[in-house]
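Listing of input-v8.cif, mmCIF, C-alpha atoms
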data_model
loop_
_atom_site.label_atom_id
_atom_site.label_comp_id
_atom_site.auth_asym_id
_atom_site.auth_seq_id
_atom_site.Cartn_x
_atom_site.Cartn_y
_atom_site.Cartn_z
CA MET Z 115 99.27 5.13 141.57
CA LEU Z 116 100.55 6.59 138.30
CA PHE Z 117 99.62 3.36 136.51
CA ARG Z 118 96.10 3.59 137.93
CA LYS Z 119 95.73 7.18 136.69
CA GLU Z 120 96.86 6.23 133.17
CA GLU Z 121 94.43 3.30 133.17
CA ILE Z 122 91.53 5.60 134.11
CA MET Z 123 92.51 8.09 131.39
CA GLU Z 124 92.61 5.28 128.82
CA LYS Z 125 89.11 4.14 129.78
CA GLN Z 126 87.81 7.72 129.58
CA TRP Z 127 89.32 8.09 126.12
CA LEU Z 128 87.51 5.01 124.89
CA ARG Z 129 84.23 5.97 126.57
CA ASN Z 130 84.33 9.42 124.93
CA PHE Z 131 85.28 8.11 121.48
CA PRO Z 132 82.61 9.63 119.16
CA VAL Z 133 80.87 7.74 116.38
CA SER Z 134 81.02 11.00 114.41
CA LEU Z 135 84.71 10.30 113.68
CA PHE Z 136 83.53 7.92 110.95
CA VAL Z 137 82.72 11.08 108.96
CA SER Z 138 86.47 11.24 108.29
CA VAL Z 139 86.13 8.02 106.27
CA MET Z 140 83.39 9.65 104.20
CA GLY Z 141 85.57 12.67 103.50
CA ILE Z 142 88.67 10.73 102.46
CA THR Z 143 86.70 8.17 100.42
CA GLY Z 144 84.76 10.96 98.74
CA LEU Z 145 88.02 12.64 97.75
CA SER Z 146 89.32 9.29 96.45
CA ILE Z 147 86.23 8.88 94.24
CA ALA Z 148 86.60 12.46 93.05
CA TYR Z 149 90.19 11.80 91.92
CA GLN Z 150 89.20 8.52 90.27
CA ASN Z 151 86.52 10.33 88.27
CA TYR Z 152 88.90 13.16 87.40
CA ALA Z 153 91.30 10.62 85.83
CA HIS Z 154 89.29 11.12 82.62
CA PHE Z 155 91.01 14.51 82.31
CA PHE Z 156 94.27 13.79 84.17
CA PRO Z 157 95.30 10.09 84.26
CA LEU Z 158 97.67 10.54 87.23
CA ALA Z 159 94.62 11.36 89.35
CA GLN Z 160 93.77 7.63 89.34
CA ASN Z 161 96.93 6.86 91.34
CA ILE Z 162 96.13 9.59 93.85
CA GLY Z 163 92.63 8.17 94.18
CA MET Z 164 93.98 4.69 94.91
CA VAL Z 165 96.29 5.98 97.64
CA LEU Z 166 93.40 7.84 99.25
CA LEU Z 167 91.17 4.77 99.00
CA THR Z 168 93.80 2.66 100.78
CA ILE Z 169 93.99 5.26 103.56
CA ALA Z 170 90.18 5.28 103.80
CA PHE Z 171 90.01 1.49 104.19
CA LEU Z 172 92.70 1.49 106.87
CA LEU Z 173 90.99 4.32 108.69
CA PHE Z 174 87.56 2.67 108.51
CA PHE Z 175 88.67 -0.65 109.94
CA SER Z 176 90.78 1.07 112.61
CA LEU Z 177 87.82 3.17 113.75
CA LEU Z 178 85.53 0.13 113.57
CA ILE Z 179 87.81 -1.88 115.87
CA VAL Z 180 87.96 0.99 118.35
CA TYR Z 181 84.19 1.53 118.29
CA ILE Z 182 83.48 -2.20 118.73
CA SER Z 183 85.77 -2.06 121.77
CA LYS Z 184 83.69 0.84 123.06
CA ILE Z 185 80.50 -1.18 122.56
CA LEU Z 186 81.95 -4.10 124.50
CA THR Z 187 83.32 -2.04 127.40
CA HIS Z 188 81.10 1.06 127.55
CA LYS Z 189 77.67 -0.12 126.42
CA HIS Z 190 75.83 2.61 128.35
CA ALA Z 191 77.89 5.34 126.70
CA VAL Z 192 77.05 3.91 123.27
CA LEU Z 193 73.35 3.73 124.13
CA ALA Z 194 73.44 7.34 125.34
CA GLU Z 195 75.04 8.33 122.03
CA PHE Z 196 72.45 6.39 120.03
CA ASN Z 197 69.54 7.95 121.97
CA HIS Z 198 70.81 11.53 121.69
CA PRO Z 199 68.86 13.73 119.20
CA VAL Z 200 72.09 14.86 117.49
CA THR Z 201 74.71 12.13 117.87
CA ALA Z 202 72.24 9.39 116.88
CA ASN Z 203 72.26 10.79 113.35
CA PHE Z 204 75.96 9.94 113.01
CA PHE Z 205 75.44 6.16 113.33
CA PRO Z 206 74.36 5.88 109.65
CA VAL Z 207 77.77 7.33 108.78
CA ILE Z 208 79.10 3.80 109.29
CA SER Z 209 76.77 2.36 106.63
CA ILE Z 210 77.40 5.35 104.35
CA SER Z 211 81.14 4.73 104.68
CA LEU Z 212 80.60 1.14 103.53
CA LEU Z 213 78.60 2.36 100.52
CA LEU Z 214 81.30 4.87 99.59
CA LEU Z 215 84.03 2.25 99.94
CA ALA Z 216 81.95 0.02 97.66
CA ILE Z 217 81.80 2.82 95.08
CA GLY Z 218 85.52 3.54 95.39
CA SER Z 219 86.52 -0.12 94.99
CA PHE Z 220 84.06 -0.99 92.20
CA ASP Z 221 86.65 -0.80 89.40
CA ILE Z 222 89.17 -2.80 91.45
CA ASN Z 223 87.16 -5.80 92.66
CA GLN Z 224 83.44 -6.00 91.92
CA ILE Z 225 82.85 -9.03 94.16
CA PHE Z 226 84.33 -7.18 97.16
CA SER Z 227 82.46 -4.02 96.18
CA ARG Z 228 79.20 -5.95 96.01
CA ALA Z 229 79.75 -7.40 99.50
CA LEU Z 230 80.39 -3.91 100.92
CA TRP Z 231 77.30 -2.61 99.13
CA LEU Z 232 75.09 -5.39 100.49
CA VAL Z 233 76.16 -4.80 104.08
CA GLY Z 234 76.10 -1.03 103.73
CA SER Z 235 72.68 -0.76 102.05
CA SER Z 236 71.04 -3.28 104.42
CA LEU Z 237 72.48 -1.60 107.51
CA HIS Z 238 71.53 1.83 106.23
CA LEU Z 239 67.93 0.85 105.54
CA MET Z 240 67.66 -0.56 109.07
CA LEU Z 241 69.14 2.59 110.65
CA SER Z 242 66.93 4.83 108.50
CA LEU Z 243 63.82 3.00 109.70
CA ILE Z 244 64.90 3.18 113.35
CA LEU Z 245 65.76 6.88 113.29
CA MET Z 246 62.78 7.98 111.21
CA SER Z 247 60.42 5.94 113.41
CA ARG Z 248 61.92 7.76 116.38
CA TRP Z 249 61.26 11.14 114.74
CA ILE Z 250 57.60 10.19 114.39
CA THR Z 251 56.98 8.59 117.78
CA GLN Z 252 59.10 10.79 120.06
CA LYS Z 253 58.73 14.45 120.89
CA TYR Z 254 61.45 16.78 119.61
CA ASP Z 255 61.87 20.50 119.97
CA ILE Z 256 62.33 22.35 116.67
CA THR Z 257 65.75 23.50 117.91
CA ASN Z 258 66.85 19.85 117.90
CA ALA Z 259 66.55 19.88 114.10
CA ASN Z 260 69.89 20.53 112.41
CA PRO Z 261 71.72 19.48 109.23
CA THR Z 262 72.89 16.19 110.78
CA TRP Z 263 69.32 14.99 110.27
CA PHE Z 264 70.13 14.80 106.55
CA ILE Z 265 72.68 12.04 107.13
CA PRO Z 266 70.22 9.09 107.09
CA ILE Z 267 68.62 10.62 103.97
CA VAL Z 268 71.82 11.11 101.99
CA GLY Z 269 72.76 7.47 102.48
CA ASN Z 270 69.63 6.27 100.70
CA ILE Z 271 70.38 8.46 97.69
CA LEU Z 272 73.90 6.97 97.55
CA VAL Z 273 72.72 3.37 97.18
CA PRO Z 274 71.97 3.43 93.42
CA ILE Z 275 75.43 4.62 92.34
CA VAL Z 276 76.79 1.06 92.26
CA GLY Z 277 73.57 -0.69 93.23
CA VAL Z 278 72.38 -0.56 89.61
CA GLU Z 279 75.37 -2.73 88.70
CA PHE Z 280 74.55 -5.48 91.19
CA PHE Z 281 70.78 -5.98 91.35
CA ASP Z 282 67.49 -5.08 89.68
CA LYS Z 283 67.37 -1.35 89.00
CA GLU Z 284 64.01 -1.11 90.80
CA ILE Z 285 65.79 -1.69 94.11
CA SER Z 286 67.96 1.34 93.42
CA TRP Z 287 64.87 3.38 92.48
CA PHE Z 288 63.36 2.35 95.83
CA PHE Z 289 66.29 3.82 97.78
CA PHE Z 290 66.51 6.88 95.53
CA SER Z 291 62.80 7.64 96.04
CA ILE Z 292 63.15 7.44 99.83
CA GLY Z 293 66.15 9.75 99.83
CA LEU Z 294 64.70 12.29 97.41
CA PHE Z 295 61.30 12.58 99.11
CA PHE Z 296 62.55 12.88 102.67
CA TRP Z 297 65.39 15.21 101.65
CA LEU Z 298 62.75 17.68 100.42
CA VAL Z 299 60.72 17.25 103.61
CA MET Z 300 63.72 17.55 105.90
CA PHE Z 301 65.14 20.54 104.04
CA GLN Z 302 62.00 22.55 104.81
CA ILE Z 303 62.15 21.64 108.50
CA VAL Z 304 65.86 22.38 108.90
CA PHE Z 305 65.72 25.60 106.86
CA TYR Z 306 62.76 26.82 108.92
CA ARG Z 307 64.73 26.10 112.10
CA LEU Z 308 67.82 27.94 110.80
CA VAL Z 309 65.88 31.05 109.74
CA PHE Z 310 63.34 31.48 112.53
CA HIS Z 311 65.09 30.13 115.62
CA ASP Z 312 68.37 30.58 117.47
CA GLN Z 313 71.59 29.98 115.59
CA LEU Z 314 73.21 26.58 115.77
CA VAL Z 315 75.62 26.00 118.64
CA LYS Z 316 79.19 26.59 117.46
CA LYS Z 317 80.22 22.94 117.32
CA LEU Z 318 77.32 22.25 114.92
CA VAL Z 319 77.93 25.20 112.59
CA PRO Z 320 80.22 23.12 110.31
CA THR Z 321 77.29 20.75 109.70
CA LEU Z 322 75.75 23.45 107.51
CA ALA Z 323 78.02 22.04 104.80
CA ILE Z 324 75.83 18.91 104.78
CA LEU Z 325 73.22 20.96 102.89
CA MET Z 326 75.39 20.56 99.76
CA ALA Z 327 75.37 16.77 99.81
CA PRO Z 328 71.78 15.71 98.92
CA PRO Z 329 71.50 17.54 95.56
CA ALA Z 330 75.06 16.56 94.59
CA VAL Z 331 74.61 12.89 95.48
CA GLY Z 332 71.12 13.00 94.01
CA PHE Z 333 72.57 14.18 90.70
CA CYS Z 334 75.11 11.33 90.65
CA SER Z 335 72.46 8.69 91.39
CA TYR Z 336 69.89 10.12 89.00
CA VAL Z 337 72.37 10.19 86.13
CA LYS Z 338 73.40 6.62 86.96
CA LEU Z 339 69.78 5.46 87.01
CA THR Z 340 68.68 7.25 83.83
CA GLY Z 341 71.92 7.61 81.88
CA SER Z 342 70.90 11.13 80.89
CA PHE Z 343 71.89 14.68 81.71
CA ASP Z 344 68.41 16.16 81.50
CA MET Z 345 66.58 19.11 83.05
CA PHE Z 346 66.07 17.47 86.46
CA ALA Z 347 69.75 16.50 86.60
CA ARG Z 348 70.72 20.09 85.83
CA ILE Z 349 68.43 21.42 88.56
CA MET Z 350 70.13 19.26 91.19
CA LEU Z 351 73.62 20.01 89.86
CA TYR Z 352 73.23 23.77 89.88
CA LEU Z 353 71.38 23.76 93.21
CA ALA Z 354 74.45 22.01 94.66
CA LEU Z 355 76.69 24.67 93.09
CA PHE Z 356 74.56 27.48 94.54
CA LEU Z 357 74.82 25.93 98.00
CA VAL Z 358 78.61 25.81 97.62
CA LEU Z 359 78.60 29.54 96.81
CA LEU Z 360 76.23 30.25 99.70
CA LEU Z 361 78.48 28.45 102.17
CA LEU Z 362 81.59 30.11 100.76
CA SER Z 363 79.91 33.44 101.51
CA LEU Z 364 79.80 32.27 105.15
CA ALA Z 365 83.46 31.21 105.15
CA ARG Z 366 84.46 34.00 107.52
CA GLN Z 367 82.06 32.61 110.12
CA PHE Z 368 83.53 29.12 109.66
CA PHE Z 369 87.12 30.34 110.03
CA GLN Z 370 86.32 31.87 113.41
CA LEU Z 371 85.41 28.46 114.87
CA ARG Z 372 87.76 26.46 117.04
CA PHE Z 373 88.52 23.00 115.67
CA VAL Z 374 86.11 20.23 116.66
CA VAL Z 375 85.41 16.81 115.14
CA SER Z 376 82.40 18.25 113.28
CA TRP Z 377 84.82 20.05 110.93
CA TRP Z 378 84.82 16.78 108.97
CA ALA Z 379 81.31 17.76 107.88
CA TYR Z 380 82.97 20.18 105.43
CA THR Z 381 84.68 17.37 103.53
CA PHE Z 382 82.31 14.83 102.00
CA PRO Z 383 79.64 17.30 100.81
CA LEU Z 384 82.30 19.32 99.00
CA CYS Z 385 83.73 16.14 97.48
CA ALA Z 386 80.22 15.10 96.41
CA VAL Z 387 79.75 18.36 94.48
CA THR Z 388 83.18 17.85 92.92
CA ILE Z 389 82.21 14.34 91.77
CA ALA Z 390 78.90 15.65 90.39
CA PHE Z 391 80.61 18.30 88.25
CA THR Z 392 83.26 15.85 87.07
CA ILE Z 393 80.48 13.51 85.89
CA ALA Z 394 78.69 16.47 84.29
CA ALA Z 395 81.92 17.39 82.47
CA ASN Z 396 81.89 13.91 80.87
CA PHE Z 397 78.36 14.54 79.56
CA LEU Z 398 79.01 18.13 78.55
CA PRO Z 399 82.76 18.64 77.98
CA SER Z 400 82.71 22.44 78.09
CA PHE Z 401 85.39 24.69 79.55
CA PHE Z 402 82.89 25.74 82.23
CA MET Z 403 82.32 22.19 83.48
CA VAL Z 404 85.99 21.23 83.35
CA TRP Z 405 87.18 24.35 85.14
CA VAL Z 406 84.49 24.18 87.82
CA SER Z 407 85.27 20.50 88.50
CA THR Z 408 89.00 21.30 88.60
CA GLY Z 409 88.49 24.19 91.01
CA LEU Z 410 86.27 22.11 93.24
CA LEU Z 411 88.81 19.26 93.26
CA VAL Z 412 91.54 21.64 94.39
CA LEU Z 413 89.27 23.14 97.05
CA SER Z 414 88.19 19.69 98.28
CA SER Z 415 91.81 18.53 98.49
CA VAL Z 416 92.81 21.58 100.52
CA VAL Z 417 89.84 21.23 102.89
CA VAL Z 418 90.39 17.49 103.48
CA ALA Z 419 94.13 18.03 104.05
CA LEU Z 420 93.47 20.92 106.45
CA VAL Z 421 90.86 19.05 108.49
CA ALA Z 422 93.03 15.91 108.59
CA ALA Z 423 96.00 17.96 109.82
CA LYS Z 424 93.82 19.63 112.47
CA THR Z 425 92.56 16.22 113.60
CA VAL Z 426 96.07 14.79 113.94
CA GLY Z 427 97.12 17.88 115.88
CA ALA Z 428 94.13 17.56 118.19
CA ILE Z 429 94.94 13.88 118.82
CA PHE Z 430 98.53 14.63 119.80
CA SER Z 431 97.48 17.55 122.00
CA LYS Z 432 94.74 15.36 123.57
CA GLN Z 433 92.06 17.93 122.69
CA LEU Z 434 90.09 15.89 120.16
CA TYR Z 435 87.04 15.38 122.35
CA GLU Z 436 86.93 18.77 124.02
CA GLU Z 437 83.73 20.72 123.57
#
Can the structure from this file be put into structure tokens for me?
Amino acid sequence: MLFRKEEIMEKQWLRNFPVSLFVSVMGITGLSIAYQNYAHFFPLAQNIGMVLLTIAFLLFFSLLIVYISKILTHKHAVLAEFNHPVTANFFPVISISLLLLAIGSFDINQIFSRALWLVGSSLHLMLSLILMSRWITQKYDITNANPTWFIPIVGNILVPIVGVEFFDKEISWFFFSIGLFFWLVMFQIVFYRLVFHDQLVKKLVPTLAILMAPPAVGFCSYVKLTGSFDMFARIMLYLALFLVLLLLSLARQFFQLRFVVSWWAYTFPLCAVTIAFTIAANFLPSFFMVWVSTGLLVLSSVVVALVAAKTVGAIFSKQLYEE
């Protein structure tokens, strides 16, 4: 009887396993890339970045194995997740994770990086088309709109960062154009919903941090595509910095929240802004740029470590999936 109970609990655990946990790969890989970029100022940061990248790879493949098991044994639960107006937006996190791992491993093995990029960019384009077609053809209430809807958009802006090294630059401009245009469209929709409708439910409040990601990632891709730190690049960079300050002003509201998986939404966007300012510091080596990138790297490290510790604690206390 006891064996039967444990078997049922194991099946429930797998059925409830959320695709949103792949956001943890984004956060850790983003921090790895941030440290690799910061090695220009502090060479030891490269070693830290490599350790984090190894952890990210192990975590990604572990989560992938578990989620494939869920697909094979709980197909209806996966379909319900994919058809949900919120959780569906987390499926592109898998392709974004592949793109980030491709960026992180570019200096180590370009052939492997290219393979990751090919799979990640192809999968992300497919998921973007599916989800955006759904937005057009299905009826949604404005309260369904939330920052997770940026996730498919951010992935497209990520593609050029190493894509320009592998194929014709026009392909990277194609993805960048998609991401930039629909980021602007989606920002208006989500901002309207945040200002004029009910507040987000508590478990989605951490997703407000996603607002930082598009301008930060957009800056990185634009600089990679053009090789210049011009007016448009500055606009995206400082917009990302303003959004960091705006969200820091809401920190008290964030601290009052009980831990949920969506806390991982704090991590990658903050790392993306860190990477953007580290790149900017290479173009414009001023004390301002260096100190801002240093401060953001420290803040990103603390946030990733805190969220990781909270996640491990929730796993051991069997409260990871509680609402």
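Here CA of Ala379 (chain Z) and CA of Trp297 (chain Z) stand 17.3 Å from one another.
Using only C-alpha atoms for every distance, the candidate list Z:Leu213, Z:Leu272, Z:Ile292, Z:Ala390 yields Z:Ile292 as the residue closest to Ser242 (chain Z).
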* Asked: Can you list what the PyMOL selection byres ((chain Z and resi 152) around 10) grabs from this structure, as number ranges by chain?
  -> Z: 146-151, 153-160, 163, 388-389, 391-393, 395-396, 404, 407-408, 411
* Could you tell me which residues the PyMOL selection byres ((chain Z and resi 322-328) around 9) returns for this structure, as a ChimeraX atom specification? => /Z:260-262,264-265,267-268,271,293-294,297,301,318-321,329-333,350,353-358,361,379-387
C-alpha atoms of the current selection, written as a PDB file, in the coordinates of the input:
ATOM      1  CA  ASN Z 260      69.890  20.530 112.410  1.00  0.00           C
ATOM      2  CA  PRO Z 261      71.720  19.480 109.230  1.00  0.00           C
ATOM      3  CA  THR Z 262      72.890  16.190 110.780  1.00  0.00           C
ATOM      4  CA  PHE Z 264      70.130  14.800 106.550  1.00  0.00           C
ATOM      5  CA  ILE Z 265      72.680  12.040 107.130  1.00  0.00           C
ATOM      6  CA  ILE Z 267      68.620  10.620 103.970  1.00  0.00           C
ATOM      7  CA  VAL Z 268      71.820  11.110 101.990  1.00  0.00           C
ATOM      8  CA  ILE Z 271      70.380   8.460  97.690  1.00  0.00           C
ATOM      9  CA  GLY Z 293      66.150   9.750  99.830  1.00  0.00           C
ATOM     10  CA  LEU Z 294      64.700  12.290  97.410  1.00  0.00           C
ATOM     11  CA  TRP Z 297      65.390  15.210 101.650  1.00  0.00           C
ATOM     12  CA  PHE Z 301      65.140  20.540 104.040  1.00  0.00           C
ATOM     13  CA  LEU Z 318      77.320  22.250 114.920  1.00  0.00           C
ATOM     14  CA  VAL Z 319      77.930  25.200 112.590  1.00  0.00           C
ATOM     15  CA  PRO Z 320      80.220  23.120 110.310  1.00  0.00           C
ATOM     16  CA  THR Z 321      77.290  20.750 109.700  1.00  0.00           C
ATOM     17  CA  PRO Z 329      71.500  17.540  95.560  1.00  0.00           C
ATOM     18  CA  ALA Z 330      75.060  16.560  94.590  1.00  0.00           C
ATOM     19  CA  VAL Z 331      74.610  12.890  95.480  1.00  0.00           C
ATOM     20  CA  GLY Z 332      71.120  13.000  94.010  1.00  0.00           C
ATOM     21  CA  PHE Z 333      72.570  14.180  90.700  1.00  0.00           C
ATOM     22  CA  MET Z 350      70.130  19.260  91.190  1.00  0.00           C
ATOM     23  CA  LEU Z 353      71.380  23.760  93.210  1.00  0.00           C
ATOM     24  CA  ALA Z 354      74.450  22.010  94.660  1.00  0.00           C
ATOM     25  CA  LEU Z 355      76.690  24.670  93.090  1.00  0.00           C
ATOM     26  CA  PHE Z 356      74.560  27.480  94.540  1.00  0.00           C
ATOM     27  CA  LEU Z 357      74.820  25.930  98.000  1.00  0.00           C
ATOM     28  CA  VAL Z 358      78.610  25.810  97.620  1.00  0.00           C
ATOM     29  CA  LEU Z 361      78.480  28.450 102.170  1.00  0.00           C
ATOM     30  CA  ALA Z 379      81.310  17.760 107.880  1.00  0.00           C
ATOM     31  CA  TYR Z 380      82.970  20.180 105.430  1.00  0.00           C
ATOM     32  CA  THR Z 381      84.680  17.370 103.530  1.00  0.00           C
ATOM     33  CA  PHE Z 382      82.310  14.830 102.000  1.00  0.00           C
ATOM     34  CA  PRO Z 383      79.640  17.300 100.810  1.00  0.00           C
ATOM     35  CA  LEU Z 384      82.300  19.320  99.000  1.00  0.00           C
ATOM     36  CA  CYS Z 385      83.730  16.140  97.480  1.00  0.00           C
ATOM     37  CA  ALA Z 386      80.220  15.100  96.410  1.00  0.00           C
ATOM     38  CA  VAL Z 387      79.750  18.360  94.480  1.00  0.00           C
TER      39      VAL Z 387
END
* **Residue members of the PyMOL selection byres ((chain Z and resi 219-224) around 10) in the file shown, as JSON, numbers by chain** => {"Z": [143, 146, 147, 150, 164, 167, 168, 171, 213, 214, 215, 216, 217, 218, 225, 226, 227, 228, 229, 230, 231, 276, 279, 280]}
Take the residues that were just selected and, keeping C-alpha atoms, output them as an mmCIF file, in the coordinates of the input.
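See result-v4.cif below for the written result:
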data_model
loop_
_atom_site.group_PDB
_atom_site.id
_atom_site.type_symbol
_atom_site.label_atom_id
_atom_site.label_comp_id
_atom_site.auth_asym_id
_atom_site.auth_seq_id
_atom_site.Cartn_x
_atom_site.Cartn_y
_atom_site.Cartn_z
ATOM 1 C CA THR Z 143 86.700 8.170 100.420
ATOM 2 C CA SER Z 146 89.320 9.290 96.450
ATOM 3 C CA ILE Z 147 86.230 8.880 94.240
ATOM 4 C CA GLN Z 150 89.200 8.520 90.270
ATOM 5 C CA MET Z 164 93.980 4.690 94.910
ATOM 6 C CA LEU Z 167 91.170 4.770 99.000
ATOM 7 C CA THR Z 168 93.800 2.660 100.780
ATOM 8 C CA PHE Z 171 90.010 1.490 104.190
ATOM 9 C CA LEU Z 213 78.600 2.360 100.520
ATOM 10 C CA LEU Z 214 81.300 4.870 99.590
ATOM 11 C CA LEU Z 215 84.030 2.250 99.940
ATOM 12 C CA ALA Z 216 81.950 0.020 97.660
ATOM 13 C CA ILE Z 217 81.800 2.820 95.080
ATOM 14 C CA GLY Z 218 85.520 3.540 95.390
ATOM 15 C CA ILE Z 225 82.850 -9.030 94.160
ATOM 16 C CA PHE Z 226 84.330 -7.180 97.160
ATOM 17 C CA SER Z 227 82.460 -4.020 96.180
ATOM 18 C CA ARG Z 228 79.200 -5.950 96.010
ATOM 19 C CA ALA Z 229 79.750 -7.400 99.500
ATOM 20 C CA LEU Z 230 80.390 -3.910 100.920
ATOM 21 C CA TRP Z 231 77.300 -2.610 99.130
ATOM 22 C CA VAL Z 276 76.790 1.060 92.260
ATOM 23 C CA GLU Z 279 75.370 -2.730 88.700
ATOM 24 C CA PHE Z 280 74.550 -5.480 91.190
#
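With only C-alpha atoms as the atoms that count, the residue of Z:Ala191, Z:Ile169, Z:Leu232, Z:Val278 with the shortest distance to Ala422 (chain Z) is Z:Ile169.
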I need region 129-136 of chain Z written out with all heavy atoms, as a PDB file, in the first residue's frame; please produce it.
ATOM      1  N   ARG Z 129       3.784  14.711 -13.735  1.00  0.00           N
ATOM      2  CA  ARG Z 129       2.689  15.364 -14.437  1.00  0.00           C
ATOM      3  C   ARG Z 129       2.684  16.876 -14.183  1.00  0.00           C
ATOM      4  O   ARG Z 129       2.361  17.669 -15.069  1.00  0.00           O
ATOM      5  CB  ARG Z 129       1.350  14.762 -14.004  1.00  0.00           C
ATOM      6  CG  ARG Z 129       0.164  15.309 -14.819  1.00  0.00           C
ATOM      7  CD  ARG Z 129      -1.157  14.680 -14.415  1.00  0.00           C
ATOM      8  NE  ARG Z 129      -1.536  15.028 -13.059  1.00  0.00           N
ATOM      9  CZ  ARG Z 129      -1.724  14.150 -12.073  1.00  0.00           C
ATOM     10  NH1 ARG Z 129      -1.567  12.865 -12.304  1.00  0.00           N
ATOM     11  NH2 ARG Z 129      -2.079  14.537 -10.859  1.00  0.00           N
ATOM     12  N   ASN Z 130       3.065  17.289 -12.981  1.00  0.00           N
ATOM     13  CA  ASN Z 130       3.052  18.703 -12.624  1.00  0.00           C
ATOM     14  C   ASN Z 130       4.353  19.430 -12.961  1.00  0.00           C
ATOM     15  O   ASN Z 130       4.469  20.625 -12.713  1.00  0.00           O
ATOM     16  CB  ASN Z 130       2.777  18.855 -11.126  1.00  0.00           C
ATOM     17  CG  ASN Z 130       1.403  18.361 -10.739  1.00  0.00           C
ATOM     18  OD1 ASN Z 130       0.466  18.410 -11.541  1.00  0.00           O
ATOM     19  ND2 ASN Z 130       1.255  17.866  -9.521  1.00  0.00           N
ATOM     20  N   PHE Z 131       5.329  18.719 -13.510  1.00  0.00           N
ATOM     21  CA  PHE Z 131       6.623  19.327 -13.807  1.00  0.00           C
ATOM     22  C   PHE Z 131       6.434  20.452 -14.838  1.00  0.00           C
ATOM     23  O   PHE Z 131       5.993  20.204 -15.960  1.00  0.00           O
ATOM     24  CB  PHE Z 131       7.584  18.262 -14.355  1.00  0.00           C
ATOM     25  CG  PHE Z 131       8.984  18.756 -14.553  1.00  0.00           C
ATOM     26  CD1 PHE Z 131       9.894  18.744 -13.513  1.00  0.00           C
ATOM     27  CD2 PHE Z 131       9.396  19.225 -15.795  1.00  0.00           C
ATOM     28  CE1 PHE Z 131      11.191  19.195 -13.693  1.00  0.00           C
ATOM     29  CE2 PHE Z 131      10.686  19.677 -15.991  1.00  0.00           C
ATOM     30  CZ  PHE Z 131      11.586  19.670 -14.935  1.00  0.00           C
ATOM     31  N   PRO Z 132       6.768  21.711 -14.491  1.00  0.00           N
ATOM     32  CA  PRO Z 132       6.457  22.841 -15.384  1.00  0.00           C
ATOM     33  C   PRO Z 132       7.557  23.120 -16.394  1.00  0.00           C
ATOM     34  O   PRO Z 132       8.748  23.082 -16.079  1.00  0.00           O
ATOM     35  CB  PRO Z 132       6.329  24.008 -14.393  1.00  0.00           C
ATOM     36  CG  PRO Z 132       7.276  23.664 -13.289  1.00  0.00           C
ATOM     37  CD  PRO Z 132       7.299  22.150 -13.190  1.00  0.00           C
ATOM     38  N   VAL Z 133       7.155  23.425 -17.615  1.00  0.00           N
ATOM     39  CA  VAL Z 133       8.120  23.798 -18.651  1.00  0.00           C
ATOM     40  C   VAL Z 133       8.840  25.088 -18.276  1.00  0.00           C
ATOM     41  O   VAL Z 133       9.962  25.356 -18.737  1.00  0.00           O
ATOM     42  CB  VAL Z 133       7.407  23.933 -20.020  1.00  0.00           C
ATOM     43  CG1 VAL Z 133       6.499  25.157 -20.047  1.00  0.00           C
ATOM     44  CG2 VAL Z 133       8.424  23.971 -21.160  1.00  0.00           C
ATOM     45  N   SER Z 134       8.225  25.889 -17.424  1.00  0.00           N
ATOM     46  CA  SER Z 134       8.825  27.164 -17.008  1.00  0.00           C
ATOM     47  C   SER Z 134      10.140  26.984 -16.253  1.00  0.00           C
ATOM     48  O   SER Z 134      10.908  27.936 -16.121  1.00  0.00           O
ATOM     49  CB  SER Z 134       7.843  27.953 -16.135  1.00  0.00           C
ATOM     50  OG  SER Z 134       7.448  27.207 -15.003  1.00  0.00           O
ATOM     51  N   LEU Z 135      10.425  25.768 -15.774  1.00  0.00           N
ATOM     52  CA  LEU Z 135      11.693  25.542 -15.073  1.00  0.00           C
ATOM     53  C   LEU Z 135      12.901  25.723 -15.988  1.00  0.00           C
ATOM     54  O   LEU Z 135      14.022  25.935 -15.516  1.00  0.00           O
ATOM     55  CB  LEU Z 135      11.718  24.141 -14.454  1.00  0.00           C
ATOM     56  CG  LEU Z 135      11.316  24.056 -12.977  1.00  0.00           C
ATOM     57  CD1 LEU Z 135      11.325  22.619 -12.506  1.00  0.00           C
ATOM     58  CD2 LEU Z 135      12.241  24.899 -12.111  1.00  0.00           C
ATOM     59  N   PHE Z 136      12.681  25.651 -17.309  1.00  0.00           N
ATOM     60  CA  PHE Z 136      13.781  25.889 -18.246  1.00  0.00           C
ATOM     61  C   PHE Z 136      14.289  27.334 -18.161  1.00  0.00           C
ATOM     62  O   PHE Z 136      15.379  27.632 -18.653  1.00  0.00           O
ATOM     63  CB  PHE Z 136      13.349  25.573 -19.676  1.00  0.00           C
ATOM     64  CG  PHE Z 136      13.378  24.108 -20.016  1.00  0.00           C
ATOM     65  CD1 PHE Z 136      12.247  23.324 -19.852  1.00  0.00           C
ATOM     66  CD2 PHE Z 136      14.534  23.514 -20.490  1.00  0.00           C
ATOM     67  CE1 PHE Z 136      12.265  21.968 -20.165  1.00  0.00           C
ATOM     68  CE2 PHE Z 136      14.568  22.157 -20.807  1.00  0.00           C
ATOM     69  CZ  PHE Z 136      13.428  21.381 -20.638  1.00  0.00           C
TER      70      PHE Z 136
END
